[in-house]
$ cat target-v7.txt   # compact mmCIF, C-alpha atoms
# COMPACT_ATOMS: atom_id res chain seq x y z
CA MET R 9 39.31 110.88 88.20
CA ALA R 10 39.88 109.22 91.58
CA GLY R 11 43.06 107.16 91.69
CA LYS R 12 44.72 109.03 88.88
CA PRO R 13 47.49 111.30 90.15
CA SER R 14 47.02 114.98 89.34
CA ALA R 15 49.36 116.71 86.95
CA LYS R 16 50.78 118.61 89.86
CA SER R 17 51.61 115.56 91.96
CA GLN R 18 53.11 113.89 88.89
CA THR R 19 55.39 116.89 88.45
CA SER R 20 56.24 116.84 92.13
CA ALA R 21 56.99 113.10 92.04
CA LYS R 22 59.18 113.64 89.02
CA TYR R 23 61.04 116.45 90.78
CA ASP R 24 61.58 114.26 93.86
CA GLN R 25 62.83 111.38 91.76
CA ARG R 26 65.23 113.60 89.84
CA ARG R 27 66.44 115.16 93.09
CA GLN R 28 67.20 111.66 94.41
CA GLU R 29 69.32 111.02 91.32
CA VAL R 30 71.13 114.30 91.92
CA LEU R 31 71.83 113.39 95.55
CA ARG R 32 73.07 109.94 94.60
CA ALA R 33 75.40 111.34 91.93
CA ALA R 34 76.68 113.86 94.48
CA ALA R 35 77.30 111.13 97.07
CA ARG R 36 79.26 109.12 94.50
CA THR R 37 81.30 112.22 93.60
CA PHE R 38 82.07 113.07 97.24
CA ASN R 39 83.02 109.44 97.91
CA ARG R 40 85.33 109.29 94.93
CA LEU R 41 87.12 112.64 95.31
CA GLY R 42 86.63 113.43 98.99
CA PHE R 43 84.00 115.91 100.19
CA HIS R 44 86.39 118.87 100.56
CA VAL R 45 88.03 118.35 97.18
CA ALA R 46 84.85 117.69 95.17
CA THR R 47 83.07 120.72 93.66
CA LEU R 48 79.53 121.23 92.39
CA ASP R 49 81.10 121.27 88.92
CA ASP R 50 82.31 117.70 89.55
CA VAL R 51 78.79 116.72 90.62
CA ALA R 52 77.28 118.31 87.51
CA GLU R 53 79.81 116.46 85.37
CA GLU R 54 78.98 113.13 87.06
CA LEU R 55 75.31 113.79 86.23
CA GLY R 56 76.03 115.02 82.73
CA VAL R 57 74.19 118.32 83.33
CA THR R 58 75.18 121.98 83.58
CA LYS R 59 75.71 123.64 86.94
CA PRO R 60 72.60 125.86 86.56
CA ALA R 61 70.54 122.69 85.96
CA LEU R 62 72.02 121.24 89.15
CA TYR R 63 71.10 124.37 91.14
CA TYR R 64 67.45 123.66 90.40
CA TYR R 65 67.73 120.63 92.71
CA ALA R 66 70.36 121.62 95.28
CA LYS R 67 71.88 124.93 96.22
CA SER R 68 75.13 123.99 97.94
CA LYS R 69 77.49 121.18 98.87
CA ASP R 70 76.42 121.64 102.50
CA GLU R 71 72.76 121.07 101.67
CA ILE R 72 73.58 118.02 99.58
CA LEU R 73 75.86 116.50 102.23
CA PHE R 74 73.19 116.92 104.87
CA ASP R 75 70.54 115.23 102.71
CA CYS R 76 72.88 112.36 101.79
CA GLY R 77 73.59 111.77 105.48
CA ARG R 78 69.88 111.91 106.27
CA MET R 79 69.08 109.33 103.57
CA ALA R 80 71.69 106.99 105.08
CA LEU R 81 70.54 107.54 108.66
CA GLU R 82 66.92 106.86 107.66
CA ALA R 83 67.89 103.60 105.96
CA MET R 84 69.80 102.60 109.09
CA SER R 85 67.08 103.40 111.58
CA SER R 86 64.64 101.31 109.60
CA ALA R 87 67.18 98.53 110.19
CA LEU R 88 66.72 99.06 113.92
CA ASP R 89 63.08 98.06 114.14
CA LYS R 90 62.37 95.50 111.45
CA SER R 91 60.99 92.90 113.84
CA PRO R 92 59.82 92.94 117.45
CA ALA R 93 62.79 93.04 119.77
CA SER R 94 61.23 90.52 122.12
CA GLU R 95 61.47 87.67 119.60
CA LEU R 96 65.25 87.90 119.39
CA THR R 97 68.16 87.78 121.85
CA GLY R 98 70.47 90.76 122.18
CA ARG R 99 73.14 88.80 120.33
CA GLU R 100 70.78 88.12 117.42
CA ARG R 101 69.64 91.75 117.23
CA LEU R 102 73.26 92.91 117.23
CA ILE R 103 74.10 90.63 114.30
CA ARG R 104 70.95 91.63 112.42
CA PHE R 105 71.67 95.31 112.95
CA PHE R 106 75.30 95.24 111.77
CA ARG R 107 74.37 93.13 108.75
CA LEU R 108 71.83 95.71 107.57
CA TYR R 109 74.01 98.64 108.68
CA THR R 110 76.95 97.39 106.63
CA GLU R 111 74.76 96.90 103.57
CA VAL R 112 73.73 100.56 103.88
CA ILE R 113 77.27 101.90 104.32
CA CYS R 114 78.44 100.01 101.26
CA GLU R 115 75.92 101.95 99.16
CA ASP R 116 76.36 105.54 97.94
CA PHE R 117 74.60 107.43 100.76
CA GLY R 118 75.89 105.26 103.58
CA ARG R 119 79.43 105.46 102.28
CA CYS R 120 79.07 109.24 102.18
CA LEU R 121 78.08 109.22 105.87
CA VAL R 122 81.05 107.04 106.79
CA LEU R 123 83.57 109.02 104.75
CA THR R 124 82.60 112.36 106.27
CA GLU R 125 82.64 113.55 109.85
CA PRO R 126 80.24 115.74 111.78
CA ARG R 127 82.71 118.63 111.49
CA ASP R 128 82.35 118.49 107.69
CA HIS R 129 78.73 119.57 108.10
CA ALA R 130 77.61 123.17 108.20
CA ALA R 131 76.88 124.31 111.76
CA LYS R 132 73.09 124.31 111.38
CA SER R 133 72.86 120.70 110.14
CA ARG R 134 75.67 119.25 112.26
CA HIS R 135 73.43 118.90 115.28
CA GLU R 136 70.92 116.68 113.47
CA ASN R 137 73.69 114.60 111.91
CA VAL R 138 75.38 114.05 115.29
CA ALA R 139 72.03 113.20 116.90
CA GLY R 140 71.32 110.58 114.21
CA ARG R 141 74.71 108.94 114.70
CA ARG R 142 74.28 109.04 118.49
CA ASN R 143 70.86 107.36 118.28
CA LEU R 144 72.38 104.44 116.41
CA ASN R 145 75.14 104.14 118.99
CA TYR R 146 72.65 104.17 121.87
CA ALA R 147 70.46 101.57 120.17
CA VAL R 148 73.45 99.26 119.73
CA ARG R 149 74.53 99.74 123.35
CA GLU R 150 71.03 98.77 124.42
CA MET R 151 71.16 95.58 122.30
CA ILE R 152 74.45 94.72 123.99
CA ARG R 153 73.09 95.31 127.49
CA ASP R 154 69.97 93.26 126.60
CA GLY R 155 72.24 90.48 125.35
CA ILE R 156 74.16 90.47 128.62
CA LYS R 157 70.86 90.33 130.54
CA ASP R 158 69.36 87.52 128.43
CA GLY R 159 72.63 85.55 128.68
CA SER R 160 73.44 85.54 124.96
CA LEU R 161 76.45 87.82 125.45
CA ARG R 162 79.11 87.72 128.12
CA GLN R 163 79.84 90.65 130.44
CA VAL R 164 81.49 93.29 128.23
CA ASP R 165 81.65 97.07 128.33
CA ASP R 166 78.75 98.15 126.08
CA ARG R 167 80.32 101.49 125.23
CA ALA R 168 83.70 100.04 124.20
CA LEU R 169 82.09 97.21 122.23
CA SER R 170 79.70 99.52 120.40
CA ILE R 171 82.50 101.87 119.32
CA ALA R 172 84.82 99.00 118.35
CA MET R 173 82.11 97.40 116.21
CA PHE R 174 81.05 100.66 114.55
CA ASP R 175 84.66 101.51 113.72
CA ALA R 176 85.43 98.04 112.36
CA PHE R 177 82.23 97.77 110.29
CA ASN R 178 82.51 101.41 109.11
CA GLY R 179 85.91 100.39 107.76
CA ILE R 180 84.18 97.96 105.40
CA GLY R 181 82.31 100.92 103.88
CA ARG R 182 85.68 102.57 103.24
CA TRP R 183 87.50 99.73 101.53
CA TYR R 184 84.83 97.35 100.22
CA ASP R 185 84.81 97.07 96.44
CA GLU R 186 81.83 95.26 94.99
CA LYS R 187 84.00 94.35 92.00
CA GLY R 188 86.64 92.87 94.34
CA ALA R 189 87.37 89.23 95.17
CA SER R 190 85.28 88.91 98.38
CA ASP R 191 81.52 89.28 98.50
CA LEU R 192 79.97 91.23 101.35
CA THR R 193 78.21 88.22 102.87
CA SER R 194 81.45 86.31 103.45
CA ILE R 195 83.20 89.43 104.80
CA LEU R 196 80.35 89.88 107.27
CA ASP R 197 80.53 86.20 108.28
CA GLN R 198 84.26 86.60 108.99
CA TYR R 199 83.68 89.76 111.04
CA PHE R 200 80.90 88.17 113.10
CA SER R 201 83.06 85.11 113.72
CA ILE R 202 85.88 87.37 114.99
CA PHE R 203 83.66 89.46 117.24
CA LEU R 204 81.45 86.65 118.55
CA GLN R 205 83.96 83.84 119.09
CA GLY R 206 87.13 85.88 119.47
CA ILE R 207 90.45 84.90 117.99
CA GLU R 208 92.43 83.14 120.70
CA THR R 209 92.43 79.40 121.08
CA PRO R 210 89.93 78.48 123.82
CA LYS R 211 91.77 77.50 127.01
CA MET B 17 138.11 119.66 120.49
CA ALA B 18 137.00 116.05 120.12
CA GLY B 19 133.57 115.39 121.60
CA LYS B 20 132.42 118.98 121.35
CA PRO B 21 129.88 119.53 118.55
CA SER B 22 130.90 122.05 115.88
CA ALA B 23 129.06 125.33 115.52
CA LYS B 24 127.67 124.05 112.23
CA SER B 25 126.22 120.84 113.67
CA GLN B 26 124.78 122.81 116.59
CA THR B 27 122.97 125.05 114.10
CA SER B 28 121.78 122.03 112.16
CA ALA B 29 120.55 120.29 115.32
CA LYS B 30 118.70 123.45 116.31
CA TYR B 31 117.11 123.65 112.86
CA ASP B 32 116.02 120.01 113.05
CA GLN B 33 114.56 120.49 116.50
CA ARG B 34 112.65 123.57 115.43
CA ARG B 35 111.40 121.79 112.31
CA GLN B 36 110.08 118.99 114.53
CA GLU B 37 108.14 121.57 116.53
CA VAL B 38 106.73 123.00 113.30
CA LEU B 39 105.64 119.56 112.09
CA ARG B 40 104.01 118.78 115.43
CA ALA B 41 102.11 122.08 115.47
CA ALA B 42 100.99 121.39 111.89
CA ALA B 43 99.80 117.87 112.80
CA ARG B 44 97.80 119.31 115.72
CA THR B 45 96.27 121.93 113.41
CA PHE B 46 95.36 119.39 110.71
CA ASN B 47 93.87 117.07 113.35
CA ARG B 48 91.80 119.84 114.87
CA LEU B 49 90.46 121.50 111.70
CA GLY B 50 90.78 118.71 109.14
CA PHE B 51 93.61 118.61 106.60
CA HIS B 52 91.64 120.14 103.73
CA VAL B 53 90.21 122.97 105.81
CA ALA B 54 93.42 123.90 107.67
CA THR B 55 95.69 126.49 106.02
CA LEU B 56 99.37 127.32 106.53
CA ASP B 57 98.09 130.50 108.21
CA ASP B 58 96.38 128.31 110.81
CA VAL B 59 99.62 126.40 111.35
CA ALA B 60 101.58 129.65 111.75
CA GLU B 61 99.00 130.87 114.24
CA GLU B 62 99.22 127.62 116.24
CA LEU B 63 103.00 128.13 116.40
CA GLY B 64 102.74 131.84 117.13
CA VAL B 65 104.94 132.76 114.17
CA THR B 66 104.45 134.56 110.85
CA LYS B 67 103.90 132.63 107.64
CA PRO B 68 107.31 133.68 106.19
CA ALA B 69 108.94 132.27 109.36
CA LEU B 70 107.04 129.04 108.81
CA TYR B 71 108.22 128.83 105.17
CA TYR B 72 111.80 128.57 106.44
CA TYR B 73 110.91 125.10 107.78
CA ALA B 74 108.27 123.81 105.39
CA LYS B 75 107.15 124.92 101.95
CA SER B 76 103.67 123.42 101.62
CA LYS B 77 100.88 121.52 103.33
CA ASP B 78 101.71 118.53 101.11
CA GLU B 79 105.31 118.45 102.30
CA ILE B 80 104.23 118.76 105.94
CA LEU B 81 101.57 116.05 105.67
CA PHE B 82 104.06 113.66 104.11
CA ASP B 83 106.61 114.26 106.88
CA CYS B 84 103.98 113.91 109.62
CA GLY B 85 102.92 110.57 108.14
CA ARG B 86 106.55 109.45 107.88
CA MET B 87 107.18 110.32 111.55
CA ALA B 88 104.18 108.20 112.54
CA LEU B 89 105.11 105.28 110.29
CA GLU B 90 108.66 105.29 111.66
CA ALA B 91 107.39 105.20 115.24
CA MET B 92 105.12 102.30 114.30
CA SER B 93 107.73 100.22 112.52
CA SER B 94 110.02 100.51 115.49
CA ALA B 95 107.10 98.93 117.39
CA LEU B 96 107.32 95.98 115.02
CA ASP B 97 110.78 94.75 115.99
CA LYS B 98 111.35 95.61 119.64
CA SER B 99 112.16 92.06 120.69
CA PRO B 100 113.03 88.85 118.84
CA ALA B 101 109.90 87.36 117.35
CA SER B 102 110.92 83.84 118.38
CA GLU B 103 110.48 84.57 122.10
CA LEU B 104 106.79 85.40 121.74
CA THR B 105 103.73 83.66 120.32
CA GLY B 106 101.82 85.23 117.43
CA ARG B 107 99.08 86.16 119.87
CA GLU B 108 101.53 87.95 122.16
CA ARG B 109 103.17 89.81 119.27
CA LEU B 110 99.76 90.91 118.00
CA ILE B 111 98.83 92.34 121.40
CA ARG B 112 102.21 94.02 121.80
CA PHE B 113 101.97 95.55 118.34
CA PHE B 114 98.48 97.02 118.73
CA ARG B 115 99.32 98.37 122.18
CA LEU B 116 102.28 100.34 120.80
CA TYR B 117 100.47 101.19 117.57
CA THR B 118 97.54 102.71 119.47
CA GLU B 119 99.86 104.76 121.66
CA VAL B 120 101.36 106.21 118.47
CA ILE B 121 98.02 107.00 116.83
CA CYS B 122 96.84 108.80 119.95
CA GLU B 123 99.76 111.22 119.60
CA ASP B 124 99.90 114.16 117.15
CA PHE B 125 101.70 112.48 114.21
CA GLY B 126 99.91 109.16 114.47
CA ARG B 127 96.53 110.84 114.72
CA CYS B 128 97.40 112.82 111.59
CA LEU B 129 98.12 109.54 109.76
CA VAL B 130 94.81 108.07 110.89
CA LEU B 131 92.74 111.16 110.08
CA THR B 132 94.05 111.45 106.52
CA GLU B 133 93.91 109.04 103.64
CA PRO B 134 96.42 108.18 100.95
CA ARG B 135 94.39 110.27 98.46
CA ASP B 136 95.03 113.37 100.61
CA HIS B 137 98.72 113.07 99.76
CA ALA B 138 100.31 114.68 96.73
CA ALA B 139 100.91 112.14 93.96
CA LYS B 140 104.68 111.96 94.44
CA SER B 141 104.53 111.12 98.16
CA ARG B 142 101.40 108.96 98.07
CA HIS B 143 103.33 105.91 96.94
CA GLU B 144 105.64 105.95 99.98
CA ASN B 145 102.73 106.58 102.35
CA VAL B 146 100.73 103.68 100.92
CA ALA B 147 103.79 101.41 101.05
CA GLY B 148 104.33 102.25 104.73
CA ARG B 149 100.71 101.46 105.60
CA ARG B 150 100.85 98.25 103.57
CA ASN B 151 104.02 97.08 105.36
CA LEU B 152 102.26 97.38 108.72
CA ASN B 153 99.29 95.43 107.40
CA TYR B 154 101.54 92.67 106.04
CA ALA B 155 103.48 92.48 109.32
CA VAL B 156 100.23 92.07 111.27
CA ARG B 157 98.95 89.40 108.88
CA GLU B 158 102.21 87.51 109.41
CA MET B 159 101.80 87.69 113.21
CA ILE B 160 98.29 86.27 112.81
CA ARG B 161 99.47 83.41 110.59
CA ASP B 162 102.31 82.69 113.03
CA GLY B 163 99.78 82.64 115.87
CA ILE B 164 97.64 80.13 114.01
CA LYS B 165 100.75 77.98 113.38
CA ASP B 166 101.99 78.10 116.98
CA GLY B 167 98.47 77.34 118.28
CA SER B 168 97.95 80.60 120.18
CA LEU B 169 95.24 81.78 117.73
CA ARG B 170 92.41 79.81 116.21
CA GLN B 171 91.92 79.46 112.46
CA VAL B 172 90.81 82.92 111.25
CA ASP B 173 91.17 84.78 107.97
CA ASP B 174 94.37 86.83 108.48
CA ARG B 175 93.32 89.50 105.97
CA ALA B 176 89.88 90.11 107.47
CA LEU B 177 91.23 90.10 111.03
CA SER B 178 94.05 92.51 110.22
CA ILE B 179 91.69 95.00 108.58
CA ALA B 180 89.09 94.68 111.34
CA MET B 181 91.71 95.31 114.04
CA PHE B 182 93.34 98.24 112.22
CA ASP B 183 89.94 99.87 111.65
CA ALA B 184 88.81 99.35 115.26
CA PHE B 185 92.09 100.54 116.82
CA ASN B 186 92.41 103.44 114.34
CA GLY B 187 89.03 104.51 115.64
CA ILE B 188 90.57 105.04 119.08
CA GLY B 189 92.94 107.57 117.51
CA ARG B 190 89.91 109.44 116.16
CA TRP B 191 87.86 109.69 119.34
CA TYR B 192 90.26 109.19 122.26
CA ASP B 193 90.52 112.24 124.47
CA GLU B 194 93.33 112.13 127.01
CA LYS B 195 91.32 114.49 129.19
CA GLY B 196 88.32 112.11 129.03
CA ALA B 197 87.03 109.65 131.62
CA SER B 198 88.78 106.49 130.36
CA ASP B 199 92.55 106.07 130.26
CA LEU B 200 94.13 104.45 127.23
CA THR B 201 95.31 101.37 129.13
CA SER B 202 91.81 100.35 130.18
CA ILE B 203 90.40 101.05 126.70
CA LEU B 204 93.10 98.78 125.24
CA ASP B 205 92.33 96.08 127.81
CA GLN B 206 88.64 96.18 126.81
CA TYR B 207 89.49 95.98 123.10
CA PHE B 208 91.87 93.04 123.59
CA SER B 209 89.27 91.25 125.68
CA ILE B 210 86.69 91.72 122.88
CA PHE B 211 89.00 90.57 120.10
CA LEU B 212 90.69 87.73 121.97
CA GLN B 213 87.78 86.17 123.85
CA GLY B 214 84.89 87.35 121.68
CA ILE B 215 81.60 88.54 123.04
CA GLU B 216 79.21 85.63 122.95
CA THR B 217 78.65 83.39 125.95
CA PRO B 218 80.80 80.26 125.50
CA LYS B 219 78.66 77.28 124.52
$ encode --input "target-v7.txt" --output "structure tokens"
Amino acid sequence: MAGKPSAKSQTSAKYDQRRQEVLRAAARTFNRLGFHVATLDDVAEELGVTKPALYYYAKSKDEILFDCGRMALEAMSSALDKSPASELTGRERLIRFFRLYTEVICEDFGRCLVLTEPRDHAAKSRHENVAGRRNLNYAVREMIRDGIKDGSLRQVDDRALSIAMFDAFNGIGRWYDEKGASDLTSILDQYFSIFLQGIETPK
Amino acid sequence: MAGKPSAKSQTSAKYDQRRQEVLRAAARTFNRLGFHVATLDDVAEELGVTKPALYYYAKSKDEILFDCGRMALEAMSSALDKSPASELTGRERLIRFFRLYTEVICEDFGRCLVLTEPRDHAAKSRHENVAGRRNLNYAVREMIRDGIKDGSLRQVDDRALSIAMFDAFNGIGRWYDEKGASDLTSILDQYFSIFLQGIETPK
């Protein structure tokens, strides 16, 4: 029977898949109503199940929020190391990172991360959430410093630039509407043009 | 008795002044705990008064949030027309606006505006809050278009630039700590340098 998944692992895979659907529905509900306003009843309604059925997959809003944030942070960190750093300049890595990052924060889990703050998390999970956000920030600051070293970026304060870019691109996750007039690719092109070339007429 | 305020207007002025203090304490409380988590009990505690004493000045969190937002929006719109537009280029007006705007959002009322969203407002006051935010956005987009016309700014999408700048500068209101290492003036200088000159090495 080699190669055929056991009944147990099939059940487990099915549970995991269903739990993913639960998390995604919860993220959508939090994003739509706001984390503090949304209830587990709202999540159950979004899923079309009863609250006891929901409890089988997640016990509390805190647990769900933490897992939604973790899903987003995992998707983002995979964006950090998709190709060897040495092949690209700091400028190119910065663009690549914010392109993938923004794609993530315009999806359900990423949007949930952007629309909540560390203080919304229960004390025991806040630490891991903050650490995940901080890692991204440090990675971006390193790209910026590498870009200054390799000559692709001019001398700028890496801390200020990292925060300014995260705040501006996070904003896209707040207001972007995939049914709206602008597609994400052209919004990103406009943002990169603003940040890379600046807005004043060259002297 | 000309020139001397009446007893009635003295009482009224005292009431207004005290109400301002109540609103400011409420803004600080909302900013610290989050609007949805903070209660009127927390606000009363911040003020060092009882909840019945608080009720004399404000009836609900919704009413307080609306007034805090209005105070911030008023401070910002006064930043819009401090000197005749014709004397300055679009670029100069844009810098002047975001300098004053950021000072406002780093104070109690402005921070409260930045840390809440239109959906946090009760239905009847949401419309006015949204209109106030939209007016600022339109004014900034006009400055950008004027700057493109007068040659001080290069051809950029005024909508994308306005949103990117509001999101980046709003971020300062979220994380700026006046007891921290950087003063607001140097943070603003770094942000203007990023947005005006861009970050890539000139070709």
$ interface_residues --input "target-v7.txt" --of "chain B" --to "chain R" --cutoff "6 Å" --atoms "all atoms listed in the file" --output "NGL selection string"
:B and (168-170 or 180 or 183-184 or 187 or 211-217)
$ atom_distance --input "target-v7.txt" --atom1 "atom CA of B:Thr27" --atom2 "atom CA of B:Ala69"
16.5 Å
$ closest_residue --input "target-v7.txt" --among "R:Leu31, R:Ile113, R:Val51, R:Leu123" --to "R:Cys76" --atoms "only C-alpha atoms"
R:Leu31
$ closest_residue --input "target-v7.txt" --among "B:Glu119, B:Glu158, B:Asp32, B:Glu103" --to "B:Asp174" --atoms "all atoms listed in the file"
B:Glu158
$ atom_distance --input "target-v7.txt" --atom1 "atom CA of B:Asp193" --atom2 "atom CA of B:Leu63"
21.8 Å
$ decode --input "target-v7.txt" --residues "stretch 117-140 of chain R" --atoms "N, CA, C and O atoms" --output "PDB file, in the first residue's frame"
ATOM      1  N   PHE R 117      -5.373  36.992   4.490  1.00  0.00           N
ATOM      2  CA  PHE R 117      -4.540  36.899   5.700  1.00  0.00           C
ATOM      3  C   PHE R 117      -3.648  38.132   5.862  1.00  0.00           C
ATOM      4  O   PHE R 117      -3.485  38.659   6.960  1.00  0.00           O
ATOM      5  N   GLY R 118      -3.067  38.564   4.759  1.00  0.00           N
ATOM      6  CA  GLY R 118      -2.185  39.727   4.815  1.00  0.00           C
ATOM      7  C   GLY R 118      -2.937  40.975   5.223  1.00  0.00           C
ATOM      8  O   GLY R 118      -2.465  41.776   6.027  1.00  0.00           O
ATOM      9  N   ARG R 119      -4.125  41.122   4.663  1.00  0.00           N
ATOM     10  CA  ARG R 119      -4.958  42.272   5.014  1.00  0.00           C
ATOM     11  C   ARG R 119      -5.296  42.254   6.504  1.00  0.00           C
ATOM     12  O   ARG R 119      -5.322  43.289   7.168  1.00  0.00           O
ATOM     13  N   CYS R 120      -5.524  41.062   7.025  1.00  0.00           N
ATOM     14  CA  CYS R 120      -5.823  40.909   8.455  1.00  0.00           C
ATOM     15  C   CYS R 120      -4.627  41.374   9.295  1.00  0.00           C
ATOM     16  O   CYS R 120      -4.795  42.060  10.299  1.00  0.00           O
ATOM     17  N   LEU R 121      -3.418  41.048   8.841  1.00  0.00           N
ATOM     18  CA  LEU R 121      -2.216  41.485   9.559  1.00  0.00           C
ATOM     19  C   LEU R 121      -2.099  43.007   9.550  1.00  0.00           C
ATOM     20  O   LEU R 121      -1.771  43.636  10.558  1.00  0.00           O
ATOM     21  N   VAL R 122      -2.403  43.600   8.389  1.00  0.00           N
ATOM     22  CA  VAL R 122      -2.250  45.046   8.233  1.00  0.00           C
ATOM     23  C   VAL R 122      -3.330  45.806   8.998  1.00  0.00           C
ATOM     24  O   VAL R 122      -3.089  46.898   9.519  1.00  0.00           O
ATOM     25  N   LEU R 123      -4.517  45.225   9.075  1.00  0.00           N
ATOM     26  CA  LEU R 123      -5.637  45.928   9.714  1.00  0.00           C
ATOM     27  C   LEU R 123      -5.675  45.745  11.231  1.00  0.00           C
ATOM     28  O   LEU R 123      -6.523  46.315  11.901  1.00  0.00           O
ATOM     29  N   THR R 124      -4.785  44.913  11.757  1.00  0.00           N
ATOM     30  CA  THR R 124      -4.724  44.780  13.220  1.00  0.00           C
ATOM     31  C   THR R 124      -3.351  45.249  13.688  1.00  0.00           C
ATOM     32  O   THR R 124      -2.436  45.422  12.890  1.00  0.00           O
ATOM     33  N   GLU R 125      -3.243  45.459  14.979  1.00  0.00           N
ATOM     34  CA  GLU R 125      -1.984  45.904  15.555  1.00  0.00           C
ATOM     35  C   GLU R 125      -1.536  44.884  16.592  1.00  0.00           C
ATOM     36  O   GLU R 125      -2.355  44.123  17.105  1.00  0.00           O
ATOM     37  N   PRO R 126      -0.250  44.905  16.918  1.00  0.00           N
ATOM     38  CA  PRO R 126       0.218  43.959  17.936  1.00  0.00           C
ATOM     39  C   PRO R 126      -0.630  44.002  19.208  1.00  0.00           C
ATOM     40  O   PRO R 126      -0.895  42.963  19.809  1.00  0.00           O
ATOM     41  N   ARG R 127      -1.113  45.177  19.595  1.00  0.00           N
ATOM     42  CA  ARG R 127      -1.877  45.250  20.846  1.00  0.00           C
ATOM     43  C   ARG R 127      -3.233  44.547  20.753  1.00  0.00           C
ATOM     44  O   ARG R 127      -3.877  44.305  21.769  1.00  0.00           O
ATOM     45  N   ASP R 128      -3.687  44.234  19.521  1.00  0.00           N
ATOM     46  CA  ASP R 128      -4.929  43.478  19.373  1.00  0.00           C
ATOM     47  C   ASP R 128      -4.735  42.004  19.727  1.00  0.00           C
ATOM     48  O   ASP R 128      -5.708  41.276  19.934  1.00  0.00           O
ATOM     49  N   HIS R 129      -3.476  41.574  19.757  1.00  0.00           N
ATOM     50  CA  HIS R 129      -3.195  40.163  20.040  1.00  0.00           C
ATOM     51  C   HIS R 129      -3.184  39.886  21.535  1.00  0.00           C
ATOM     52  O   HIS R 129      -2.788  40.737  22.330  1.00  0.00           O
ATOM     53  N   ALA R 130      -3.596  38.689  21.891  1.00  0.00           N
ATOM     54  CA  ALA R 130      -3.491  38.252  23.282  1.00  0.00           C
ATOM     55  C   ALA R 130      -2.017  38.258  23.678  1.00  0.00           C
ATOM     56  O   ALA R 130      -1.137  38.045  22.838  1.00  0.00           O
ATOM     57  N   ALA R 131      -1.780  38.499  24.978  1.00  0.00           N
ATOM     58  CA  ALA R 131      -0.405  38.702  25.459  1.00  0.00           C
ATOM     59  C   ALA R 131       0.539  37.588  25.018  1.00  0.00           C
ATOM     60  O   ALA R 131       1.652  37.851  24.567  1.00  0.00           O
ATOM     61  N   LYS R 132       0.082  36.335  25.085  1.00  0.00           N
ATOM     62  CA  LYS R 132       1.007  35.218  24.840  1.00  0.00           C
ATOM     63  C   LYS R 132       1.410  35.110  23.367  1.00  0.00           C
ATOM     64  O   LYS R 132       2.469  34.574  23.065  1.00  0.00           O
ATOM     65  N   SER R 133       0.585  35.603  22.446  1.00  0.00           N
ATOM     66  CA  SER R 133       0.954  35.498  21.031  1.00  0.00           C
ATOM     67  C   SER R 133       1.517  36.811  20.482  1.00  0.00           C
ATOM     68  O   SER R 133       2.075  36.838  19.388  1.00  0.00           O
ATOM     69  N   ARG R 134       1.389  37.874  21.256  1.00  0.00           N
ATOM     70  CA  ARG R 134       1.837  39.185  20.771  1.00  0.00           C
ATOM     71  C   ARG R 134       3.328  39.181  20.459  1.00  0.00           C
ATOM     72  O   ARG R 134       3.771  39.727  19.455  1.00  0.00           O
ATOM     73  N   HIS R 135       4.074  38.521  21.334  1.00  0.00           N
ATOM     74  CA  HIS R 135       5.529  38.500  21.181  1.00  0.00           C
ATOM     75  C   HIS R 135       5.937  37.941  19.814  1.00  0.00           C
ATOM     76  O   HIS R 135       6.768  38.516  19.115  1.00  0.00           O
ATOM     77  N   GLU R 136       5.323  36.808  19.441  1.00  0.00           N
ATOM     78  CA  GLU R 136       5.684  36.181  18.166  1.00  0.00           C
ATOM     79  C   GLU R 136       5.248  37.040  16.982  1.00  0.00           C
ATOM     80  O   GLU R 136       5.961  37.140  15.978  1.00  0.00           O
ATOM     81  N   ASN R 137       4.090  37.682  17.123  1.00  0.00           N
ATOM     82  CA  ASN R 137       3.605  38.561  16.063  1.00  0.00           C
ATOM     83  C   ASN R 137       4.542  39.755  15.874  1.00  0.00           C
ATOM     84  O   ASN R 137       4.914  40.107  14.753  1.00  0.00           O
ATOM     85  N   VAL R 138       4.944  40.366  16.985  1.00  0.00           N
ATOM     86  CA  VAL R 138       5.853  41.514  16.925  1.00  0.00           C
ATOM     87  C   VAL R 138       7.197  41.092  16.334  1.00  0.00           C
ATOM     88  O   VAL R 138       7.777  41.797  15.499  1.00  0.00           O
ATOM     89  N   ALA R 139       7.680  39.913  16.756  1.00  0.00           N
ATOM     90  CA  ALA R 139       8.974  39.431  16.246  1.00  0.00           C
ATOM     91  C   ALA R 139       8.914  39.222  14.732  1.00  0.00           C
ATOM     92  O   ALA R 139       9.856  39.561  14.011  1.00  0.00           O
ATOM     93  N   GLY R 140       7.810  38.675  14.236  1.00  0.00           N
ATOM     94  CA  GLY R 140       7.651  38.455  12.801  1.00  0.00           C
ATOM     95  C   GLY R 140       7.665  39.761  12.024  1.00  0.00           C
ATOM     96  O   GLY R 140       8.320  39.876  10.986  1.00  0.00           O
TER      97      GLY R 140
END
